[in-house]
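What follows is the content of input_37.json, which has JSON, C-alpha atoms:
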```json
[["chain", "number", "residue", "atom", "x", "y", "z"],
["T", 1, "SER", "CA", 7.51, -86.22, 33.13],
["T", 2, "GLN", "CA", 5.55, -85.81, 29.95],
["T", 3, "THR", "CA", 7.01, -86.44, 26.51],
["T", 4, "ILE", "CA", 5.57, -86.20, 23.05],
["T", 5, "HIS", "CA", 6.70, -88.29, 20.10],
["T", 6, "GLN", "CA", 6.17, -87.86, 16.40],
["T", 7, "TRP", "CA", 7.08, -90.14, 13.56],
["T", 8, "PRO", "CA", 8.39, -90.30, 11.05],
["T", 9, "ALA", "CA", 10.83, -87.42, 11.40],
["T", 10, "THR", "CA", 11.04, -86.90, 7.65],
["T", 11, "LEU", "CA", 8.96, -88.16, 4.77],
["T", 12, "VAL", "CA", 9.11, -87.79, 1.01],
["T", 13, "GLN", "CA", 5.97, -88.83, -0.79],
["T", 14, "PRO", "CA", 4.72, -88.59, -4.39],
["T", 15, "VAL", "CA", 1.63, -86.61, -5.26],
["T", 16, "GLY", "CA", -1.49, -88.71, -4.91],
["T", 17, "SER", "CA", -0.06, -91.08, -2.33],
["T", 18, "PRO", "CA", -1.62, -91.60, 1.12],
["T", 19, "LEU", "CA", -0.27, -90.16, 4.35],
["T", 20, "SER", "CA", -0.24, -91.19, 7.96],
["T", 21, "LEU", "CA", 1.60, -89.22, 10.63],
["T", 22, "GLU", "CA", 1.49, -90.34, 14.21],
["T", 23, "CYS", "CA", 1.77, -88.48, 17.48],
["T", 24, "THR", "CA", 1.80, -90.01, 20.94],
["T", 25, "VAL", "CA", 2.03, -88.42, 24.36],
["T", 26, "GLU", "CA", 3.42, -90.07, 27.47],
["T", 27, "GLY", "CA", 3.08, -89.17, 31.10],
["T", 28, "THR", "CA", -0.32, -87.52, 31.05],
["T", 29, "SER", "CA", -3.94, -88.47, 30.57],
["T", 30, "ASN", "CA", -6.78, -86.89, 28.62],
["T", 31, "PRO", "CA", -4.62, -84.19, 27.05],
["T", 32, "ASN", "CA", -5.91, -81.72, 24.49],
["T", 33, "LEU", "CA", -4.07, -82.55, 21.28],
["T", 34, "TYR", "CA", -3.30, -80.37, 18.26],
["T", 35, "TRP", "CA", -1.96, -80.73, 14.73],
["T", 36, "TYR", "CA", -0.25, -77.71, 13.20],
["T", 37, "ARG", "CA", 1.42, -77.11, 9.86],
["T", 38, "GLN", "CA", 4.26, -74.70, 9.31],
["T", 39, "ALA", "CA", 4.95, -73.95, 5.66],
["T", 40, "ALA", "CA", 8.13, -72.24, 4.52],
["T", 41, "GLY", "CA", 7.98, -68.52, 5.24],
["T", 42, "ARG", "CA", 4.57, -68.78, 6.83],
["T", 43, "GLY", "CA", 3.26, -68.89, 10.35],
["T", 44, "LEU", "CA", 1.91, -71.74, 12.37],
["T", 45, "GLN", "CA", -1.43, -72.96, 11.02],
["T", 46, "LEU", "CA", -3.75, -74.99, 13.25],
["T", 47, "LEU", "CA", -5.19, -77.94, 11.34],
["T", 48, "PHE", "CA", -7.03, -80.03, 13.94],
["T", 49, "TYR", "CA", -7.50, -80.24, 17.67],
["T", 50, "SER", "CA", -9.02, -82.87, 19.91],
["T", 51, "VAL", "CA", -10.33, -82.71, 23.46],
["T", 52, "GLY", "CA", -10.90, -86.45, 23.79],
["T", 53, "ILE", "CA", -11.04, -89.84, 22.11],
["T", 54, "GLY", "CA", -12.97, -89.64, 18.85],
["T", 55, "GLN", "CA", -13.51, -85.88, 19.21],
["T", 56, "ILE", "CA", -11.91, -83.95, 16.37],
["T", 57, "SER", "CA", -12.37, -80.33, 15.36],
["T", 58, "SER", "CA", -11.12, -79.09, 12.02],
["T", 59, "GLU", "CA", -9.92, -75.54, 11.61],
["T", 60, "VAL", "CA", -9.39, -75.33, 7.87],
["T", 61, "PRO", "CA", -10.93, -77.17, 4.91],
["T", 62, "GLN", "CA", -8.40, -79.41, 3.23],
["T", 63, "ASN", "CA", -7.74, -82.93, 2.07],
["T", 64, "LEU", "CA", -6.31, -83.90, 5.44],
["T", 65, "SER", "CA", -8.11, -85.68, 8.25],
["T", 66, "ALA", "CA", -7.30, -86.52, 11.85],
["T", 67, "SER", "CA", -8.25, -89.28, 14.22],
["T", 68, "ARG", "CA", -7.77, -89.98, 17.90],
["T", 69, "PRO", "CA", -8.17, -93.72, 18.41],
["T", 70, "GLN", "CA", -6.65, -93.71, 21.89],
["T", 71, "ASP", "CA", -6.37, -91.14, 24.67],
["T", 72, "ARG", "CA", -2.75, -90.29, 23.95],
["T", 73, "GLN", "CA", -2.56, -90.97, 20.22],
["T", 74, "PHE", "CA", -3.32, -88.49, 17.47],
["T", 75, "ILE", "CA", -3.05, -89.38, 13.78],
["T", 76, "LEU", "CA", -2.98, -87.10, 10.75],
["T", 77, "SER", "CA", -3.97, -88.71, 7.45],
["T", 78, "SER", "CA", -4.61, -88.05, 3.82],
["T", 79, "LYS", "CA", -5.93, -90.32, 1.09],
["T", 80, "LYS", "CA", -4.20, -88.40, -1.71],
["T", 81, "LEU", "CA", -1.42, -85.91, -1.08],
["T", 82, "LEU", "CA", -1.14, -82.61, -2.95],
["T", 83, "LEU", "CA", 2.00, -80.60, -3.61],
["T", 84, "SER", "CA", 0.62, -77.95, -1.28],
["T", 85, "ASP", "CA", 0.63, -80.42, 1.61],
["T", 86, "SER", "CA", 4.40, -80.10, 1.87],
["T", 87, "GLY", "CA", 5.50, -78.54, 5.13],
["T", 88, "PHE", "CA", 6.57, -79.10, 8.69],
["T", 89, "TYR", "CA", 3.89, -80.83, 10.76],
["T", 90, "LEU", "CA", 3.85, -80.32, 14.48],
["T", 91, "CYS", "CA", 1.85, -82.12, 17.12],
["T", 92, "ALA", "CA", 1.20, -80.44, 20.45],
["T", 93, "TRP", "CA", -0.57, -81.15, 23.68],
["T", 94, "ARG", "CA", -1.95, -78.85, 26.31],
["T", 95, "GLY", "CA", -2.24, -79.65, 29.94],
["T", 96, "GLY", "CA", -0.74, -79.30, 33.33],
["T", 97, "GLY", "CA", -1.81, -76.99, 36.08],
["T", 98, "TYR", "CA", -1.17, -73.88, 34.04],
["T", 99, "ASN", "CA", -2.52, -75.14, 30.72],
["T", 100, "GLU", "CA", 0.83, -74.85, 29.07],
["T", 101, "GLN", "CA", 1.26, -76.07, 25.49],
["T", 102, "PHE", "CA", 4.08, -78.44, 24.54],
["T", 103, "PHE", "CA", 5.22, -79.43, 21.08],
["T", 104, "GLY", "CA", 6.68, -82.53, 19.52],
["T", 105, "PRO", "CA", 9.81, -82.59, 17.37],
["T", 106, "GLY", "CA", 7.86, -82.35, 14.11],
["T", 107, "THR", "CA", 7.69, -84.23, 10.81],
["T", 108, "ARG", "CA", 9.13, -82.72, 7.64],
["T", 109, "LEU", "CA", 6.88, -83.74, 4.72],
["T", 110, "THR", "CA", 7.94, -83.18, 1.13],
["T", 111, "VAL", "CA", 5.45, -83.99, -1.60],
["T", 112, "LEU", "CA", 7.00, -84.37, -5.05],
["U", 113, "LYS", "CA", -10.88, -62.41, 16.40],
["U", 114, "GLN", "CA", -7.58, -62.27, 18.25],
["U", 115, "GLU", "CA", -4.63, -61.05, 16.21],
["U", 116, "VAL", "CA", -1.07, -61.41, 17.42],
["U", 117, "THR", "CA", 1.77, -59.38, 15.95],
["U", 118, "GLN", "CA", 5.47, -59.74, 16.60],
["U", 119, "ILE", "CA", 7.89, -56.96, 15.85],
["U", 120, "PRO", "CA", 10.56, -57.00, 14.55],
["U", 121, "ALA", "CA", 10.25, -59.94, 12.16],
["U", 122, "ALA", "CA", 14.02, -60.34, 12.15],
["U", 123, "LEU", "CA", 16.85, -59.10, 14.32],
["U", 124, "SER", "CA", 20.63, -59.43, 14.10],
["U", 125, "VAL", "CA", 22.76, -58.30, 17.01],
["U", 126, "PRO", "CA", 26.29, -58.75, 18.31],
["U", 127, "GLU", "CA", 26.90, -61.03, 21.22],
["U", 128, "GLY", "CA", 26.43, -59.49, 24.66],
["U", 129, "GLU", "CA", 23.57, -57.14, 23.84],
["U", 130, "ASN", "CA", 20.39, -57.00, 25.87],
["U", 131, "LEU", "CA", 17.36, -57.60, 23.65],
["U", 132, "VAL", "CA", 13.67, -56.88, 23.72],
["U", 133, "LEU", "CA", 11.26, -58.82, 21.54],
["U", 134, "ASN", "CA", 7.71, -57.57, 21.25],
["U", 135, "CYS", "CA", 4.37, -59.31, 21.03],
["U", 136, "SER", "CA", 1.12, -57.38, 20.70],
["U", 137, "PHE", "CA", -2.43, -58.69, 20.74],
["U", 138, "THR", "CA", -5.78, -57.13, 19.95],
["U", 139, "ASP", "CA", -8.08, -58.77, 22.52],
["U", 140, "SER", "CA", -7.02, -58.12, 26.11],
["U", 141, "ALA", "CA", -9.32, -60.77, 27.60],
["U", 142, "ILE", "CA", -6.56, -63.29, 27.68],
["U", 143, "TYR", "CA", -6.19, -66.43, 29.77],
["U", 144, "ASN", "CA", -2.44, -66.75, 29.36],
["U", 145, "LEU", "CA", 0.45, -65.90, 27.06],
["U", 146, "GLN", "CA", 3.27, -68.27, 26.22],
["U", 147, "TRP", "CA", 6.68, -67.60, 24.68],
["U", 148, "PHE", "CA", 8.37, -70.28, 22.59],
["U", 149, "ARG", "CA", 11.71, -70.78, 20.94],
["U", 150, "GLN", "CA", 12.11, -72.67, 17.67],
["U", 151, "ASP", "CA", 15.45, -73.78, 16.27],
["U", 152, "PRO", "CA", 15.63, -74.48, 12.52],
["U", 153, "GLY", "CA", 13.96, -77.76, 11.64],
["U", 154, "LYS", "CA", 12.86, -78.39, 15.21],
["U", 155, "GLY", "CA", 9.70, -78.23, 17.25],
["U", 156, "LEU", "CA", 8.75, -75.36, 19.55],
["U", 157, "THR", "CA", 10.24, -75.25, 23.01],
["U", 158, "SER", "CA", 8.26, -73.53, 25.73],
["U", 159, "LEU", "CA", 10.22, -70.75, 27.41],
["U", 160, "LEU", "CA", 7.83, -68.91, 29.66],
["U", 161, "LEU", "CA", 4.12, -68.93, 30.43],
["U", 162, "ILE", "CA", 2.43, -65.87, 31.91],
["U", 163, "GLN", "CA", -1.02, -66.20, 33.41],
["U", 164, "SER", "CA", -3.51, -63.39, 33.00],
["U", 165, "SER", "CA", -3.10, -62.40, 36.65],
["U", 166, "GLN", "CA", 0.68, -62.14, 36.42],
["U", 167, "ARG", "CA", 2.84, -59.22, 35.32],
["U", 168, "GLU", "CA", 6.04, -61.08, 34.53],
["U", 169, "GLN", "CA", 7.90, -64.37, 34.59],
["U", 170, "THR", "CA", 11.62, -65.01, 34.72],
["U", 171, "SER", "CA", 13.80, -67.94, 33.76],
["U", 172, "GLY", "CA", 17.55, -67.45, 33.79],
["U", 173, "ARG", "CA", 18.46, -64.67, 31.36],
["U", 174, "LEU", "CA", 14.90, -64.47, 30.09],
["U", 175, "ASN", "CA", 12.20, -62.21, 31.44],
["U", 176, "ALA", "CA", 8.72, -61.92, 29.98],
["U", 177, "SER", "CA", 6.33, -59.17, 30.94],
["U", 178, "LEU", "CA", 2.62, -58.78, 30.30],
["U", 179, "ASP", "CA", 0.57, -55.59, 30.05],
["U", 180, "LYS", "CA", -3.00, -56.55, 29.22],
["U", 181, "SER", "CA", -4.30, -52.99, 29.14],
["U", 182, "SER", "CA", -1.97, -52.09, 26.30],
["U", 183, "GLY", "CA", -2.17, -55.52, 24.67],
["U", 184, "ARG", "CA", 1.55, -56.16, 24.86],
["U", 185, "SER", "CA", 4.10, -58.63, 26.07],
["U", 186, "THR", "CA", 7.86, -58.29, 25.87],
["U", 187, "LEU", "CA", 10.55, -60.95, 26.07],
["U", 188, "TYR", "CA", 13.77, -59.56, 27.46],
["U", 189, "ILE", "CA", 16.97, -61.50, 26.79],
["U", 190, "ALA", "CA", 19.94, -60.39, 28.87],
["U", 191, "ALA", "CA", 23.52, -60.68, 27.68],
["U", 192, "SER", "CA", 22.67, -62.42, 24.42],
["U", 193, "GLN", "CA", 24.77, -65.34, 23.22],
["U", 194, "PRO", "CA", 25.14, -67.03, 19.80],
["U", 195, "GLY", "CA", 23.22, -69.97, 21.23],
["U", 196, "ASP", "CA", 20.19, -67.71, 21.59],
["U", 197, "SER", "CA", 19.89, -67.59, 17.80],
["U", 198, "ALA", "CA", 16.47, -68.97, 16.93],
["U", 199, "THR", "CA", 12.93, -67.88, 16.10],
["U", 200, "TYR", "CA", 10.90, -66.69, 19.06],
["U", 201, "LEU", "CA", 7.11, -67.00, 18.95],
["U", 202, "CYS", "CA", 4.41, -65.83, 21.30],
["U", 203, "ALA", "CA", 0.99, -67.42, 21.63],
["U", 204, "VAL", "CA", -2.07, -65.93, 23.30],
["U", 205, "ARG", "CA", -4.98, -67.91, 24.67],
["U", 206, "LEU", "CA", -8.26, -66.13, 25.33],
["U", 207, "LYS", "CA", -10.55, -66.55, 28.29],
["U", 208, "GLY", "CA", -13.89, -68.24, 27.87],
["U", 209, "GLY", "CA", -12.85, -71.84, 27.53],
["U", 210, "SER", "CA", -11.02, -71.53, 24.23],
["U", 211, "TYR", "CA", -8.66, -74.41, 23.61],
["U", 212, "ILE", "CA", -6.94, -72.67, 20.75],
["U", 213, "PRO", "CA", -4.05, -70.23, 21.19],
["U", 214, "THR", "CA", -3.30, -67.60, 18.54],
["U", 215, "PHE", "CA", 0.32, -67.50, 17.44],
["U", 216, "GLY", "CA", 2.37, -64.62, 16.16],
["U", 217, "ARG", "CA", 4.59, -65.08, 13.11],
["U", 218, "GLY", "CA", 7.72, -64.94, 15.23],
["U", 219, "THR", "CA", 10.92, -62.93, 15.46],
["U", 220, "SER", "CA", 13.98, -64.50, 13.85],
["U", 221, "LEU", "CA", 16.99, -63.69, 16.00],
["U", 222, "ILE", "CA", 20.64, -64.00, 15.02],
["U", 223, "VAL", "CA", 23.30, -63.31, 17.62],
["U", 224, "HIS", "CA", 26.71, -63.15, 15.99],
["U", 225, "PRO", "CA", 30.00, -63.53, 17.85]]
```
The structure given in the file should be rewritten as structure tokens.
Amino acid sequence: SQTIHQWPATLVQPVGSPLSLECTVEGTSNPNLYWYRQAAGRGLQLLFYSVGIGQISSEVPQNLSASRPQDRQFILSSKKLLLSDSGFYLCAWRGGGYNEQFFGPGTRLTVL
Amino acid sequence: KQEVTQIPAALSVPEGENLVLNCSFTDSAIYNLQWFRQDPGKGLTSLLLIQSSQREQTSGRLNASLDKSSGRSTLYIAASQPGDSATYLCAVRLKGGSYIPTFGRGTSLIVHP
């Protein structure tokens, strides 16, 4: 069966520090991968999605970036965090016969 | 652009009630619609997926229906329990090769004993 992992689970970082969040999927190949952010009291915001290695599409302008160095690995990065980057970051993959979307457990990021 | 609305935004009910959560969408040319549950501080858990050609899907006490012509889906929860307390989100994916589903803001449900 397929599983999706995210780490770290929680992170507290100072403003201006770098960021690296990792997402890996097991049990499937060539999945579509997504990064979402969920801020307090707000809906789910799509940040990036990827249909293959090295293929990244950005949905919103921001100081975040994403990379897909391997088929089942998706990384969210920032060179300098802002206070507004605080939130709950969710990785998801889409696949299967019915194109169902599945989410990871999330990373809670607090920027101080 | 697809817009997805979920009403009500919040709901508090006593245990045992049958519930209906609503999800409406503006573009009826959908590929599929997916219902999720999210517990506080957790990721989204897929509950039901309805393909465009289907009218409903059932899993245990949950039943999701789809009416494309009216742009609506409902999630029916039978005999609600405190463990059903969570936020329920729907996501709609359009036809035409789009890889990106559009999410509603969710309905926050509290079932009290």
Exercise for the section: Can you check which residues of chain U have any atom within 10 Å of chain T? Use all atoms listed in the file and format it as a PyMOL selection string. Expected result: chain U and resi 143-146+148+153-158+160-163+201+203+205+211-218
Practice task
Record the distance separating atom CA of Ile142 of chain U and atom CA of Gly208 of chain U, expressed in Å with one decimal.
Solution key: 8.8 Å
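Residue nearest Ile53 of chain T, chosen from T:Ser17, T:Gln73, T:Thr28, T:Gln38 and counting all atoms listed in the file: T:Gln73.
One finds atom CA of Pro8 of chain T at 17.4 Å from atom CA of Lys79 of chain T.
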Handout entry: Test item: residues at most 7 Å from Cys135 of chain U, all atoms listed in the file, excluding those fewer than 6 positions along its chain, as number ranges by chain
Key = U: 116-119, 184-186, 202
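Shortest atom-to-atom contact with Ser165 of chain U among U:Val223, U:Ala141, U:Ala191, U:Leu133: U:Ala141, counting only C-alpha atoms.
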Practice task
Give as a VMD selection string each residue that has an atom at most 10 Å from (4.0, -59.1, 35.5) in the file, counting all atoms listed in the file.
Solution key: chain U and resid 162 to 170 175 to 180 185
Just write the chosen residues, C-alpha atoms, as an mmCIF file, in the frame of the given file.
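Written out: part-v5.cif:
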```cif
data_model
loop_
_atom_site.group_PDB
_atom_site.id
_atom_site.type_symbol
_atom_site.label_atom_id
_atom_site.label_comp_id
_atom_site.auth_asym_id
_atom_site.auth_seq_id
_atom_site.Cartn_x
_atom_site.Cartn_y
_atom_site.Cartn_z
ATOM 1 C CA ILE U 162 2.430 -65.870 31.910
ATOM 2 C CA GLN U 163 -1.020 -66.200 33.410
ATOM 3 C CA SER U 164 -3.510 -63.390 33.000
ATOM 4 C CA SER U 165 -3.100 -62.400 36.650
ATOM 5 C CA GLN U 166 0.680 -62.140 36.420
ATOM 6 C CA ARG U 167 2.840 -59.220 35.320
ATOM 7 C CA GLU U 168 6.040 -61.080 34.530
ATOM 8 C CA GLN U 169 7.900 -64.370 34.590
ATOM 9 C CA THR U 170 11.620 -65.010 34.720
ATOM 10 C CA ASN U 175 12.200 -62.210 31.440
ATOM 11 C CA ALA U 176 8.720 -61.920 29.980
ATOM 12 C CA SER U 177 6.330 -59.170 30.940
ATOM 13 C CA LEU U 178 2.620 -58.780 30.300
ATOM 14 C CA ASP U 179 0.570 -55.590 30.050
ATOM 15 C CA LYS U 180 -3.000 -56.550 29.220
ATOM 16 C CA SER U 185 4.100 -58.630 26.070
#
```
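Between atom CA of Asp71 of chain T and atom CA of Leu19 of chain T there is a distance of 21.2 Å.
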Practice task
May I have the residues within 8 Å of Thr199 of chain U as a VMD selection string, using all atoms listed in the file and disregarding those fewer than 6 positions away in the same chain?
Solution key: chain U and resid 149 to 152 218 to 221
Handout entry: Residue with smallest distance to Gly183 of chain U - pool U:Thr138, U:Ser210, U:Ile222, U:Val204, counting all atoms listed in the file
Key = U:Thr138
Handout entry: Nearest-residue call for Leu187 of chain U, choices U:Trp147, U:Phe137, U:Gln114, U:Pro126, using only C-alpha atoms
Key = U:Trp147
Handout entry: Nearest to Leu174 of chain U, chosen from U:Ser124, U:Leu131, U:Gly195, U:Ser140, with all atoms listed in the file counted in the distances
Key = U:Leu131
Segment 86-97 of chain T, all listed atoms, 5 Å padding on each side: what axis-aligned box centre and edge lengths in Å to one decimal come out, as AutoDock Vina command-line options?
```
--center_x 2.2 --center_y -79.6 --center_z 19.0 --size_x 18.8 --size_y 15.1 --size_z 44.2
```
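Closest approach to Trp35 of chain T among T:Ser20, T:Gln55, T:Asp85, T:Trp93 is made by T:Trp93 (distances from only C-alpha atoms).
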